[in-house]
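Okay, so here's the structure we're looking at.
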Amino acid sequence: MTTDSPAPAPRIRVAILFGGRSSEHAVSCVTAAGVLGAIDRGKYDVVAIGIAKNGQWVLAGDEVSGWSLAGGALPEVKAGGQSVSLAHLGGGHQLVVQEAAQVPQELGVVDVVFPLLHGPWGEDGTIQGMLELSDTRYVGAGVLASAIGMDKHFMKVVFEAAGLAVGPFIAVTDREWTVNPGRVRDRVSALGFPVFVKPARAGSSMGISKVDSVDGLDAAIAAAREHDLKLVIEAGIVGREIEIAVLEGRGSAAPRVSLPGEVTMMDGTHHAFYDFEAKYVHGDAVTLSCPADMPEVDLARIREQAALAFDAVGAEGLSRVDFFYTAAGDLIINEINTMPGFTPSSMYPQMWAASGLSYRDLIDELVQLALTRKVGLR
């Protein structure tokens, strides 16, 4: 008498969502290449979905080479004839392929979406809101936390309310710059130079300029406004750049915090600060020291403040929190990034690797956190 072996449990289906409409489209593709190359294919059934720059969702190849940086060329999701949508059918979340004059094809149930999107229309709560409407579980922060984390102005307001030290800054709206640019120049001059001019809702150092005098201000504002009509202009702070990786705790546990890392620009590079090319193109332009060389009391303090920042915005899943650490021992929070760069060489995974959690295991933990998250209000 033979006994049939039980059928193996179906693999958890993960939709990797990347690309998008923002200026960080290529960064998102590079991030996807890292995750596609490391996620456990024996445990997860992976579907790669690219979002073209026109907003179309398409089935994308899951070959890592198609989305990584090759010879400095930036990868891009191309729009095509077939569109992919996520529909709530038969009690599950189904991927559906649609093509003109063709019957829609169902591709099966999706258990969790991993939105590897950076910048507006992805990291800012918009995709998260769409997924919330359909009760679809997903990796990372929810609607409000994503929106706050994307807007450097309101992020700083929340941090100040939570008791975290924030450097001097001003927010500049499109109307203010259009109606009274002279007043904006006066407000910036009152901060003192140098200043950093930033789009309020862009990441990966897109459109950021360091300005040493009022003479360079208008050009820097014009460059930032190519990415966002709302700006944040910050007083320069002399201090070391220290980053912390934060990971949501299981159940009701507190957030988990990595060892802090320090970003250092290498001598002889042409980068005035940690910009896009230093992060993604010229990998030898920076070094990460983890743990950062700090007194034990300050190591404990910065980790505590990183967890406080994570909770202050209501983050879930993952976030990277960036600080300035001054010679006097002061900690000044710079920003939180609710979907940080996530390639194997990015600072967030590197800090967790130095803290004992590998890239592959980190991906697994994030998916598991998403699967156990409640849907709806929480």
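Letters for chains follow the order of the structure tokens (A, B, ...), residue numbers begin at 1 for each chain, and ligand numbers begin at 1 in the order shown.
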
Could you list, with a cut-off of 7 Å and counting only C-alpha atoms, the residues of range 83-187 of chain A near range 323-335 of chain A, each shown with its nearest atom pair and the distance in Å rounded to one decimal, rows sorted by chain and ascending number, as a Markdown table?
```
| residue | atom | partner | partner_atom | distance |
| --- | --- | --- | --- | --- |
| A:Leu164 | CA | A:Ile333 | CA | 6.9 |
| A:Ala165 | CA | A:Ile332 | CA | 5.0 |
| A:Val166 | CA | A:Ile332 | CA | 5.4 |
| A:Gly167 | CA | A:Ile332 | CA | 6.4 |
```

Looking only at alpha helix (DSSP H) from DSSP on the backbone, list the matching residues of range 4-66 of chain A as a ChimeraX atom specification.
/A:25-38

Output of the above residues as a PDB file, in the first residue's frame, restricted to N, CA, C and O atoms:
```
ATOM      1  N   HIS A  25      13.081  57.134 -11.144  1.00  0.00           N
ATOM      2  CA  HIS A  25      12.708  55.915 -11.864  1.00  0.00           C
ATOM      3  C   HIS A  25      13.881  54.936 -11.953  1.00  0.00           C
ATOM      4  O   HIS A  25      13.742  53.751 -11.632  1.00  0.00           O
ATOM      5  N   ALA A  26      15.029  55.428 -12.377  1.00  0.00           N
ATOM      6  CA  ALA A  26      16.190  54.540 -12.550  1.00  0.00           C
ATOM      7  C   ALA A  26      16.669  53.980 -11.223  1.00  0.00           C
ATOM      8  O   ALA A  26      17.081  52.815 -11.141  1.00  0.00           O
ATOM      9  N   VAL A  27      16.629  54.795 -10.165  1.00  0.00           N
ATOM     10  CA  VAL A  27      17.036  54.325  -8.842  1.00  0.00           C
ATOM     11  C   VAL A  27      16.152  53.155  -8.420  1.00  0.00           C
ATOM     12  O   VAL A  27      16.626  52.149  -7.875  1.00  0.00           O
ATOM     13  N   SER A  28      14.855  53.280  -8.690  1.00  0.00           N
ATOM     14  CA  SER A  28      13.922  52.209  -8.356  1.00  0.00           C
ATOM     15  C   SER A  28      14.253  50.925  -9.113  1.00  0.00           C
ATOM     16  O   SER A  28      14.190  49.829  -8.552  1.00  0.00           O
ATOM     17  N   CYS A  29      14.613  51.054 -10.377  1.00  0.00           N
ATOM     18  CA  CYS A  29      14.985  49.871 -11.176  1.00  0.00           C
ATOM     19  C   CYS A  29      16.224  49.192 -10.598  1.00  0.00           C
ATOM     20  O   CYS A  29      16.291  47.954 -10.512  1.00  0.00           O
ATOM     21  N   VAL A  30      17.207  49.986 -10.200  1.00  0.00           N
ATOM     22  CA  VAL A  30      18.433  49.439  -9.625  1.00  0.00           C
ATOM     23  C   VAL A  30      18.127  48.740  -8.298  1.00  0.00           C
ATOM     24  O   VAL A  30      18.668  47.663  -7.993  1.00  0.00           O
ATOM     25  N   THR A  31      17.247  49.338  -7.502  1.00  0.00           N
ATOM     26  CA  THR A  31      16.825  48.707  -6.257  1.00  0.00           C
ATOM     27  C   THR A  31      16.158  47.365  -6.534  1.00  0.00           C
ATOM     28  O   THR A  31      16.421  46.358  -5.859  1.00  0.00           O
ATOM     29  N   ALA A  32      15.290  47.331  -7.549  1.00  0.00           N
ATOM     30  CA  ALA A  32      14.605  46.087  -7.905  1.00  0.00           C
ATOM     31  C   ALA A  32      15.601  45.008  -8.317  1.00  0.00           C
ATOM     32  O   ALA A  32      15.427  43.826  -7.998  1.00  0.00           O
ATOM     33  N   ALA A  33      16.650  45.401  -9.025  1.00  0.00           N
ATOM     34  CA  ALA A  33      17.661  44.424  -9.440  1.00  0.00           C
ATOM     35  C   ALA A  33      18.273  43.742  -8.220  1.00  0.00           C
ATOM     36  O   ALA A  33      18.498  42.521  -8.224  1.00  0.00           O
ATOM     37  N   GLY A  34      18.540  44.514  -7.184  1.00  0.00           N
ATOM     38  CA  GLY A  34      19.105  43.932  -5.975  1.00  0.00           C
ATOM     39  C   GLY A  34      18.170  42.938  -5.324  1.00  0.00           C
ATOM     40  O   GLY A  34      18.572  41.827  -4.948  1.00  0.00           O
ATOM     41  N   VAL A  35      16.887  43.292  -5.195  1.00  0.00           N
ATOM     42  CA  VAL A  35      15.926  42.413  -4.535  1.00  0.00           C
ATOM     43  C   VAL A  35      15.652  41.181  -5.381  1.00  0.00           C
ATOM     44  O   VAL A  35      15.593  40.052  -4.867  1.00  0.00           O
ATOM     45  N   LEU A  36      15.495  41.360  -6.690  1.00  0.00           N
ATOM     46  CA  LEU A  36      15.237  40.220  -7.568  1.00  0.00           C
ATOM     47  C   LEU A  36      16.382  39.211  -7.530  1.00  0.00           C
ATOM     48  O   LEU A  36      16.175  38.006  -7.677  1.00  0.00           O
ATOM     49  N   GLY A  37      17.596  39.702  -7.320  1.00  0.00           N
ATOM     50  CA  GLY A  37      18.744  38.812  -7.295  1.00  0.00           C
ATOM     51  C   GLY A  37      18.946  38.095  -5.978  1.00  0.00           C
ATOM     52  O   GLY A  37      19.690  37.112  -5.921  1.00  0.00           O
ATOM     53  N   ALA A  38      18.286  38.560  -4.914  1.00  0.00           N
ATOM     54  CA  ALA A  38      18.551  37.997  -3.588  1.00  0.00           C
ATOM     55  C   ALA A  38      17.352  37.304  -2.955  1.00  0.00           C
ATOM     56  O   ALA A  38      17.538  36.470  -2.069  1.00  0.00           O
TER      57      ALA A  38
END
```

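Of the residues listed (A:Ala222, A:Ile242, A:Val96, A:Ala73), A:Val96 shows the shortest atom-to-atom separation from Val58 in chain A; distances use only C-alpha atoms.
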
Might you pull out every residue within 7 Å of Gly20 in chain A, with only C-alpha atoms counted and same-chain residues fewer than 2 positions away left off, and present them as a list of chain:residue names?
A:Phe18, A:Ser22, A:His25, A:Ile51, A:Ala52, A:Lys53, A:Gly55, A:Leu117, A:Trp121, A:Gly122

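Closest approach to Ala171 in chain A among A:Leu133, A:Val375, A:Ala235, A:Val139 is made by A:Ala235 (distances from only C-alpha atoms).
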